Every structure is written in structure tokens, then in C-alpha cells.
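Engineer: Handing you this structure, nothing more for now.
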Amino acid sequence: PRNTLLVYIHGGGWSFGDQYTHHAIAESFSNNSGLSLVSIGYSLAPHKKHPHQNDECTDILQELLKKFANDYGNDLQCILIGDSAGANITFSAYLNLFEADLKKKVLGLALFYGVYDSGPISQSWQDLGGGQYGLSIKSMNWYWNQFLSTAEDRLTPLAAPLHSRLENLPPIWIVIGDLDPLIDENLALVERIKKAGGKCDHLVVTGYTHGFLRFCNHLKEVKELMNA
């Protein structure tokens with residue numbers, strides 16, 4: 001009966017995963033919220049290069065909302081959820097590709113441990129990116145190279161949304177573990193959104209590494225985080 005839809009875009013370094021590998025995460029968000037959810041399985045790198053994934057997810061969402069209005073005669077609003085590379089696609093597509101009418105339908109974004117800068121260059125990457133907590137500088141550079149056609153692409157706002165214009169955003173919730181090498185760019189994004197006048201709540205989870213949503217059916221703490 002509700003006219004709010006959750007839209008989930010999965011992580012996996014732009015190169016792995018689909019709507020089936022990440023089904024448990026999507027299902028948990030739907031169950032915890034009581035809302036219907038669509039999980040988008042986008043084309044993977046390097047078979048398809050940036051910005052194909054951004055365009056694809058934008059087109060899918062636009063057609064989905066249009067089809068709902070045609071079938072039910074009712075406008076649908078949505079909340080966008082992304083984790084890791086999926087948070088990058090979600091946020092970047094909203095900022096750089098969504099038309100004004102599509103942006104109006106987005107009530108907010110929930111972004112988990114996203115990739116927002118142009119490479120593993122921050123201090124947290126130096127401190128935490130040796131591979132001891134899973135994600136390493138070496139693996140992150142490999143993901144970027146799979147995703148992008150040239151090194152120069154890393155510097156574009158579409159690939160690195162931290163460097164986009166951040167005015168007039170809907171409410172955003174950002175979650176990151178304190179053992180995740182992406183923490184600096186996540187906290188930098190929070191500050192940039194606030195400086196631009198946006199509403200951005202964030203949570204740093206003590207003792208958590210990158211990718212903790214995959215434990216949604218195993219750890220009580222992750223379930224509680226998704227409930228929040």
C-alpha cells in the first residue's frame with residue numbers, strides 16, 4: 001500500500017556480484033523496513049567500462065518508476081541504498097545523471113562504506129590499506145583499473161563523486177567501519193555535504209572492516225545497524 005520503494009545497488013568493486021549474490025542484503029533491508037525493494041544487477045567491469053554502469057542504473061530506475069505510474073496510475077518515490085562500489089554508482093548517478101524530475105522522486109540515500117575519491121590516496125589508506133583488514137591499496141587500484149578506461153578518468157566527478165557539486169541534496173545517511181581504509185573519504189564527503197548546506201547523518205562503527213553488510217544474517221549487530 002505504500003508508495004515508497006527501496007532501490008539497492010550492490011558492491012563488489014564494479015567487477016563482481018549481482019542481484020543474486022547480494023540477495024540476502026537486499027532482503028534484509030526490505031524485511032527491516034517493511035518496504036518493497038528492487039535490487040539492480042548491473043553490467044560488470046571490465047566487460048563494460050565506466051560510466052556504463054551509472055547510465056544503466058539511471059535508465060533502469062527511470063523506466064521502473066515510469067512503468068509503475070503507467071500500471072498503477074500512481075507516482076512512486078524511492079530511497080536509494082548502495083554499498084561500496086554500489087554506493088559510488090548510486091551517489092554519482094544521482095549527482096551527475098539524474099534529471100530534475102527523477103531527483104524529485106528520491107526521498108534520501110543510505111550509503112554504506114562507499115568509494116568516493118579518485119584512488120587509495122588518503123591517510124586511512126596508508127594506515128589500514130595493507131590488506132590486514134581485507135581491502136588493500138593493491139586490490140583497490142586493480143578495481144579502479146577494471147572499471148575505468150584511463151587513469152585520467154579517476155579525476156572526473158562522475159568517477160569520484162567527492163569532487164562533484166553537492167548542493168540541494170536529499171537527506172543522506174553514511175555508514176563506515178573504523179577499520180575500513182575508505183573511512184577518510186567517507187568522512188570528507190560528510191563534511192562537504194554539510195558545508196554545502198545538506199543534511200547528512202553518519203555513523204562510524206567501531207571494530208568493523210569493509211563489507212560488513214554481508215554478515216546481515218549472522219551478526220546481531222549488523223541486523224541492528226540495518227534496522228537503524
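How things are named: the first chain in the C-alpha cells is A, the next is B, and so on; residues count from 1 in each chain; ligands count from 1 in the order shown.
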Near Arg214 of chain A, within 10 Å and counting only C-alpha atoms, which residues show up once chain neighbours fewer than 5 positions away are dropped, as a PDB file with C-alpha atoms, in the first residue's frame?

Structural biologist:
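That gives us selection.pdb:
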```pdb
ATOM      1  CA  THR A  21      24.930 -12.805  -4.724  1.00  0.00           C
ATOM      2  CA  HIS A  22      23.664  -9.802  -2.741  1.00  0.00           C
ATOM      3  CA  HIS A  23      20.084 -11.022  -2.325  1.00  0.00           C
ATOM      4  CA  ALA A  24      20.377 -11.568   1.446  1.00  0.00           C
ATOM      5  CA  ILE A  25      21.394  -7.926   1.974  1.00  0.00           C
ATOM      6  CA  LEU A 219      25.635 -10.920  13.331  1.00  0.00           C
ATOM      7  CA  VAL A 222      24.683  -5.846  11.646  1.00  0.00           C
TER       8      VAL A 222
END
```

Engineer: Please provide the set of residues having any atom within 7 Å of Ala196 of chain A, restricted to only C-alpha atoms, with same-chain residues fewer than 4 positions apart removed, written as a compact mmCIF listing (two decimals) with all heavy atoms, in the first residue's frame.

Structural biologist:
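In the end it all went to result.txt:
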```
# COMPACT_ATOMS: atom_id res chain seq x y z
N LEU A 166 27.71 19.57 -4.65
CA LEU A 166 26.92 18.85 -3.66
C LEU A 166 25.76 19.69 -3.09
O LEU A 166 25.34 19.48 -1.96
CB LEU A 166 27.82 18.37 -2.52
CG LEU A 166 28.95 17.40 -2.94
CD1 LEU A 166 29.85 17.10 -1.76
CD2 LEU A 166 28.37 16.12 -3.52
N GLU A 167 25.26 20.62 -3.89
CA GLU A 167 24.13 21.43 -3.42
C GLU A 167 22.80 20.71 -3.64
O GLU A 167 22.67 19.86 -4.49
CB GLU A 167 24.09 22.78 -4.16
CG GLU A 167 25.27 23.69 -3.87
CD GLU A 167 26.44 23.46 -4.80
OE1 GLU A 167 26.30 22.60 -5.69
OE2 GLU A 167 27.48 24.12 -4.63
N ARG A 192 31.77 17.74 3.35
CA ARG A 192 31.48 18.51 2.15
C ARG A 192 29.98 18.70 1.95
O ARG A 192 29.53 19.76 1.54
CB ARG A 192 32.08 17.81 0.93
CG ARG A 192 33.59 18.03 0.78
CD ARG A 192 34.00 18.15 -0.68
NE ARG A 192 33.27 19.20 -1.34
CZ ARG A 192 32.95 19.20 -2.64
NH1 ARG A 192 33.28 18.19 -3.40
NH2 ARG A 192 32.28 20.20 -3.18
```

Engineer: Going by DSSP on the backbone, which residues of chain A come out as strand (DSSP E or B)? List them as a PyMOL selection string.

Structural biologist: chain A and resi 4-9+36-40+77-83+106-112+130+136+172-177+200-205

Engineer: Within 7 Å of Leu109 of chain A, counting only C-alpha atoms, which residues show up once you throw out same-chain ones fewer than 2 positions away? Write them as a ChimeraX atom specification, please.

Structural biologist: /A:79-81,111,171-173

Engineer: Compile the contact shell of segment 30-47 of chain A as a list of chain:residue names: residues with an atom at most 7 Å away, counting only C-alpha atoms, same-chain residues fewer than 3 positions apart removed.

Structural biologist: A:Thr4, A:Leu5, A:Leu6, A:Val7, A:Tyr8, A:Ile9, A:Trp14, A:Ser15, A:Phe16, A:Asp18, A:Gln19, A:Ala26, A:Glu27, A:Gln53, A:Glu56, A:Cys57, A:Gln146, A:Phe147, A:Asn227

Engineer: Between A:His50, A:His218, A:Lys223, A:Lys194, single out the one closest to Ser92 of chain A, counting only C-alpha atoms.

Structural biologist: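 So, comparing all the options, the nearest one is A:His50.
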
Engineer: From the list A:Gly198, A:Ile176, A:His210, A:Leu189, which residue is nearest Pro161 of chain A when using only C-alpha atoms?

Structural biologist: A:Leu189

Engineer: When distances are computed from only C-alpha atoms, which of A:Asp127, A:Asp83, A:Asp75, A:Asp117 shows the smallest separation from Leu187 of chain A?

Structural biologist: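 Of all the options, A:Asp117 lies closest to Leu187 of chain A.
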
Engineer: Considering only C-alpha atoms, can you say which of A:Gly11, A:Gly197, A:Pro157, A:Pro170 comes closest to Asn96 of chain A?

Structural biologist: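 Closest residue, counting only C-alpha atoms: A:Pro157.
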
Engineer: DSSP on the backbone, then: every residue of chain A marked helix (DSSP H, G or I), written as an MDAnalysis selection string.

Structural biologist: chainID A and resid 23:33 52:72 85:96 100:103 123:128 137:147 151:155 161:163 183:195 212:215 220:227

Engineer: Taking 2 positions as the minimum chain separation for residues in the same chain, which residues sit within 7 Å of Leu128 of chain A when counting only C-alpha atoms? Answer as a list in words.

Structural biologist: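 Here the answer would be Ser124, Trp125, Gln126, Gly130, Tyr133, Leu179, Asp180 and Pro181 of chain A.
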
Engineer: Using only C-alpha atoms, please write the residues we just selected to a file, as an mmCIF file, in the first residue's frame.

Structural biologist:
```
data_model
loop_
_atom_site.group_PDB
_atom_site.id
_atom_site.type_symbol
_atom_site.label_atom_id
_atom_site.label_comp_id
_atom_site.auth_asym_id
_atom_site.auth_seq_id
_atom_site.Cartn_x
_atom_site.Cartn_y
_atom_site.Cartn_z
ATOM 1 C CA SER A 124 43.485 5.963 6.192
ATOM 2 C CA TRP A 125 44.611 4.054 3.104
ATOM 3 C CA GLN A 126 48.200 4.343 4.304
ATOM 4 C CA GLY A 130 47.962 -3.088 3.695
ATOM 5 C CA TYR A 133 41.618 -5.723 7.101
ATOM 6 C CA LEU A 179 38.876 -0.386 10.245
ATOM 7 C CA ASP A 180 37.884 0.407 6.653
ATOM 8 C CA PRO A 181 40.604 2.185 4.606
#
```

Engineer: Hey, which of A:Met140, A:Met226, A:Ile60, A:Val106 ends up closest to Pro120 of chain A? Count only C-alpha atoms.

Structural biologist: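 Looking only at the distances to Pro120 of chain A, the closest residue turns out to be A:Met140.
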
Engineer: Compile the contact shell of His163 of chain A as a list in words: residues with an atom at most 9 Å away, counting only C-alpha atoms, same-chain residues fewer than 4 positions apart removed.

Structural biologist: Tyr116, Asp117, Ser118, Leu155, Thr156, Pro157 and Leu158 of chain A

Engineer: Residues near Val190 of chain A, anyone? I mean within 10 Å using only C-alpha atoms, not counting same-chain ones fewer than 4 positions away, as a CSV table (one decimal) with C-alpha atoms, in the first residue's frame.

Structural biologist:
```csv
chain,number,residue,atom,x,y,z
A,162,LEU,CA,33.6,13.6,-3.7
A,172,ILE,CA,21.8,11.3,3.3
A,173,TRP,CA,23.0,8.6,5.8
A,174,ILE,CA,26.6,7.4,5.6
A,184,ASP,CA,38.8,9.2,5.4
A,185,GLU,CA,36.9,9.8,2.1
A,186,ASN,CA,33.6,8.9,3.7
A,194,LYS,CA,27.3,19.7,5.4
A,195,LYS,CA,29.3,22.7,4.1
A,198,GLY,CA,22.9,19.4,3.1
A,199,LYS,CA,21.6,17.1,5.8
A,200,CYS,CA,24.0,14.2,6.3
A,201,ASP,CA,23.9,11.9,9.3
A,202,HIS,CA,26.8,9.5,9.6
```

Engineer: Ranking A:Gly73, A:Gly131, A:Gly86, A:Gly207 by minimum distance to Glu221 of chain A and counting only C-alpha atoms, which one comes first?

Structural biologist: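 Looking only at the distances to Glu221 of chain A, the closest residue turns out to be A:Gly207.
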